[in-house]
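Comments concern the structure below.
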Amino acid sequence: MKRRTNPRFCYIFVCFILCSLLSIRAAGTLTDSDVAIVVNPSNPTSNMTLADLRKIFMGERQYWKASNSVVPLMRSQGTREREVILRVVFQMTEQQYGQYWVAKVMRAEVSDPPASLFSNGMVQEGVKGNAGAIGYISAADVRSGVKVVRVGGLLPGEPGYALR
Amino acid sequence: MYRMTGLVVATLFMAISAPAQTTQASQPSATTVPDARDLELREMRARIERLETLVERLQKERESTATGVATASASNPTQPTTASAQPPESSRVSAAELHAGVDHHAGADERIGGQVETHGAIEQRYPQLHFRGFGDIDFSATDDPGSKSGFNLGQFILHVASPLSQKVSVFGEISFSASTGFYNVDIERYLIRYDYNDHFKLSFGRYHTPINYWNTAFHHGLWLQTTISRPEMIRFGGRFQPVHFIGMLAEGNVPSGPLGLGYNVGLGNGRAGNIARPGDSGDVNNNRAWVANLFARPAALNGLQIGGSLYGDLITSPGVSPGNPNFRELISTAHVVWTKESPEFLAEFAHVRHRNVLTENVFNSNSAYVQIAYRLPGEGHKWKPYYRFEWSNISPSDPLFVGDNSVAVRPLTGSTFGVRYDITNLAAFKGEYRHITRKPNDPHVNGLFFQTSFTF
């Protein structure tokens with residue numbers, strides 16, 4: 001006698017497979033959509049919190065522990081990496097970012113905003129060539145010569161990574 | 001049943017094949033026929049690398065012809081940087097390996113084009129000179145007897161910043177103010193600062209006294225502030241608090257973890273004989289004024305600042321009281337601000353205590369304001385309505401605060417309703433209505449004010 005398959009079981013099984021499929025596809029693109037924080041390999045910093053990043057990119061912290069200057073490097077306007085950093089780290093719009101730096105220069109806290117670079121490659125070169133530099137690039141574009149810093153204990157691609 | 005089994009098999013096939021397709025798409029092999037997007041990406045990468053090679057070549061040519069010395073070294077975050085071209089390194093390595101500082105040059109393959117020599121130079125020259133200007137044009141009309149409606153040319157402000165080295169910078173702020181028949185030129189701020197580290201920065205010069213949040217947050221840049229005018233407690237030319245301070249100032253962050261503590265400690269000349277002015281050309285007595293300011297910017301609440309200040313001075317103001325006595329001044333202030341724009345919240349309180357050194361008479365005055373604003377969401381994001389309530393209770397017998405209306409510090413209860421419209425990212429239009437009362441029996445004064453303010 002043939003055993004009849006329970007249709008409900010089949011639907012649940014199909015749903016499970018579909019969900020697995022979607023999660024696998026998502027995991028496959030996770031690293032590509034993440035933004036990596038990169039520093040010079042000589043920089044001993046290996047882990048930072050979002051609050052640390054905020055202080056550094058907003059010019060509140062201008063020196064590393066060794067008293068050498070922090071050189072934050074931004075990507076140019078319109079890039080996805082900059083959009084992620086403005087949204088997650090600065091929690092500002094592009095307009096607010098501009099006003100923030102005008103005010104900061106006016107308060108004599110800094111003499112100029114961070115440099116904005118046109119490509120991820122330029123950011124990497126800037127970081128490679130300067131011991132105090134810190135920048136951000138798409139995790140998919142990370143190459144040798146720079147060090148990726150953990151953010152909140154996580155690396156790009158890991159579940160729960162904040163910069164995406 | 002067969003139909004269901006077929007569906008399950010088809011789904012499984014999709015699940016197995018999908019990751020494989022993803023892998024193929026991300027790592028095209030020689031046998032894979034590239035699609036249009038892939039070709040476009042390759043073209044773009046090749047074009048970027050050609051451009052970067054060109055940039056590098058031009059940079060090398062410039063370096064070889066430059067007569068000055070280019071310092072390819074670290075610079076501070078305030079300085080513009082130029083990064084050279086990117087090498088077309090094709091050795092994609094894992095984030096974990098890069099986190100450990102692993103170098104993978106040896107394993108590089110040649111995906112597109114050839115190798116390009118690069119120098120990760122961040123060039124810095126000193127001194128640099130950066131200018132920024134602020135301006136405003138105003139219109140006012142009030143029902144205050146004796147006042148005239150009309151346009152006013154606001155202050156024309158030039159702000160200069162000049163790094164002299166990695167750790168030494170000069171800042172200046174010059175104002176041009178319209179007066180009857182001439183323009184008054186004033187050096188509002190002028191200082192040289194040495195940064196030892198984040199915890200200690202020492203400067204000398206003329207400052208906006210760090211006794212008040214507004215005074216050091218917006219300075220003379222009216223475009224920076226939401227409203228048209230400053231609160232009366234810290235208005236330019238006012239006498240309630242010393243707006244300017246000449247001397248030396250130490251500032252920095254206090255290691256305090258998530259509390260985000262910071263400080264300012266200063267020593268200087270204090271108020272001049274005319275207490276609305278600082279002692280630009282020297283102190284009026286042998287007693288230095290001092291100021292101490294402590295504030296917290298908690299990491300968990302980005303945008304919040306809470307702080308307080310103390311200011312002490314010996315005031316010598318000839319002719320204000322019989323016997324020309326000196327007055328001991330002690331000012332204590334507190335502020336809470338939320339600098340996000342949705343909403344924006346500013347609240348400050350100041351207490352001024354004057355003690356006649358000769359008679360020991362004490363005069364106490366207080367002032368406060370609360371300002372709230374809200375940048376509208378979505379399409380209305382250029383609009384920012386605001387409201388400010390101000391209150392001042394001034395000792396009527398304080399000899400340093402009495403005088404005619406142009407110089408006296410007078411009590412005040414007032415409200416300001418207004419709206420700011422950001423014409424562009426660098427210019428704004430503001431309109432506001434003010435309703436104030438000086439003394440309980442005085443008539444109310446109503447006024448309409450408009451301003452266009454900008455930075456360039």
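Chain labels run A, B, ... following the order of the structure tokens; each chain numbers its residues from 1, and ligands are numbered from 1 in the order shown.
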
Would you mind listing what lies within 8 Å of segment 415-431 of chain B as an mmCIF file with C-alpha atoms, in the first residue's frame, with only C-alpha atoms counted and same-chain residues fewer than 2 positions away left out?
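Saved file result-v3.cif follows:
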data_model
loop_
_atom_site.group_PDB
_atom_site.id
_atom_site.type_symbol
_atom_site.label_atom_id
_atom_site.label_comp_id
_atom_site.auth_asym_id
_atom_site.auth_seq_id
_atom_site.Cartn_x
_atom_site.Cartn_y
_atom_site.Cartn_z
ATOM 1 C CA GLN A 95 23.854 68.709 3.945
ATOM 2 C CA GLY A 98 28.748 69.981 5.171
ATOM 3 C CA GLN A 99 27.329 72.292 7.820
ATOM 4 C CA TRP B 223 24.304 81.250 9.058
ATOM 5 C CA THR B 226 19.090 78.572 13.559
ATOM 6 C CA THR B 227 17.681 81.940 14.623
ATOM 7 C CA ILE B 228 18.324 85.473 13.390
ATOM 8 C CA LYS B 382 14.542 72.803 3.896
ATOM 9 C CA TRP B 383 12.157 74.247 6.477
ATOM 10 C CA LYS B 384 13.005 74.497 10.153
ATOM 11 C CA PRO B 385 10.481 76.182 12.426
ATOM 12 C CA TYR B 386 11.724 77.287 15.833
ATOM 13 C CA TYR B 387 10.726 78.895 19.094
ATOM 14 C CA ARG B 388 12.824 80.560 21.788
ATOM 15 C CA PHE B 389 11.852 81.739 25.230
ATOM 16 C CA GLU B 390 14.173 84.159 27.000
ATOM 17 C CA THR B 413 10.732 88.205 29.192
ATOM 18 C CA TYR B 433 8.317 87.423 15.143
ATOM 19 C CA ARG B 434 9.420 88.618 18.580
ATOM 20 C CA HIS B 435 7.295 89.632 21.518
ATOM 21 C CA ILE B 436 9.151 91.008 24.541
ATOM 22 C CA LEU B 448 9.163 91.382 12.658
ATOM 23 C CA PHE B 449 12.636 90.419 11.543
ATOM 24 C CA PHE B 450 13.953 88.909 8.336
ATOM 25 C CA GLN B 451 17.435 87.816 7.443
ATOM 26 C CA THR B 452 19.297 86.134 4.671
ATOM 27 C CA SER B 453 22.549 84.665 5.931
ATOM 28 C CA PHE B 454 25.176 82.736 4.047
ATOM 29 C CA THR B 455 28.686 81.371 4.027
ATOM 30 C CA PHE B 456 31.075 81.355 1.119
#

Taking only C-alpha atoms into account, which residues of chain A are within 6 Å of chain B, as an mmCIF file with C-alpha atoms, in the first residue's frame?
data_model
loop_
_atom_site.group_PDB
_atom_site.id
_atom_site.type_symbol
_atom_site.label_atom_id
_atom_site.label_comp_id
_atom_site.auth_asym_id
_atom_site.auth_seq_id
_atom_site.Cartn_x
_atom_site.Cartn_y
_atom_site.Cartn_z
ATOM 1 C CA LEU A 21 18.116 29.389 -0.863
ATOM 2 C CA PRO A 41 49.381 48.028 8.837
ATOM 3 C CA ALA A 51 31.578 55.475 19.002
ATOM 4 C CA TYR A 63 45.478 61.770 17.641
ATOM 5 C CA SER A 67 50.301 61.043 19.544
ATOM 6 C CA SER A 69 47.832 62.565 13.902
ATOM 7 C CA VAL A 70 44.723 60.800 12.744
ATOM 8 C CA VAL A 71 44.186 61.387 9.037
ATOM 9 C CA PRO A 72 40.603 60.433 8.173
ATOM 10 C CA GLN A 95 23.854 68.709 3.945
ATOM 11 C CA VAL A 110 40.161 71.943 12.849
ATOM 12 C CA SER A 111 41.512 73.924 9.935
ATOM 13 C CA ASP A 112 39.978 71.864 7.141
ATOM 14 C CA PRO A 113 37.520 68.994 6.649
ATOM 15 C CA PRO A 114 38.835 65.508 5.830
ATOM 16 C CA ALA A 115 39.947 64.910 2.273
ATOM 17 C CA GLY A 121 42.053 52.714 -4.705
ATOM 18 C CA MET A 122 43.007 56.257 -3.784
ATOM 19 C CA GLU A 125 46.943 54.344 -1.326
ATOM 20 C CA GLY A 126 46.413 57.145 1.155
ATOM 21 C CA LYS A 128 49.175 52.668 2.799
ATOM 22 C CA GLY A 129 51.303 55.764 2.550
ATOM 23 C CA ASN A 130 50.433 57.351 5.862
ATOM 24 C CA ARG A 143 43.676 44.714 -1.286
ATOM 25 C CA SER A 144 46.928 43.977 0.434
ATOM 26 C CA LYS A 147 44.729 46.476 7.593
ATOM 27 C CA VAL A 148 41.018 45.937 8.058
ATOM 28 C CA VAL A 149 39.858 46.968 11.500
#

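Of the listed residues A:Asn40, A:Tyr100, A:Phe90, A:Glu109, the one whose atoms come nearest to Asp52 of chain A is A:Phe90, with distances taken using only C-alpha atoms.
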
For this session: Show which residues sit within 12 Å of Asp280 of chain B, as a ChimeraX atom specification. Count only C-alpha atoms, and ignore same-chain residues fewer than 4 positions away.
Result: /B:186-190,205-207,244-247,268-276,284
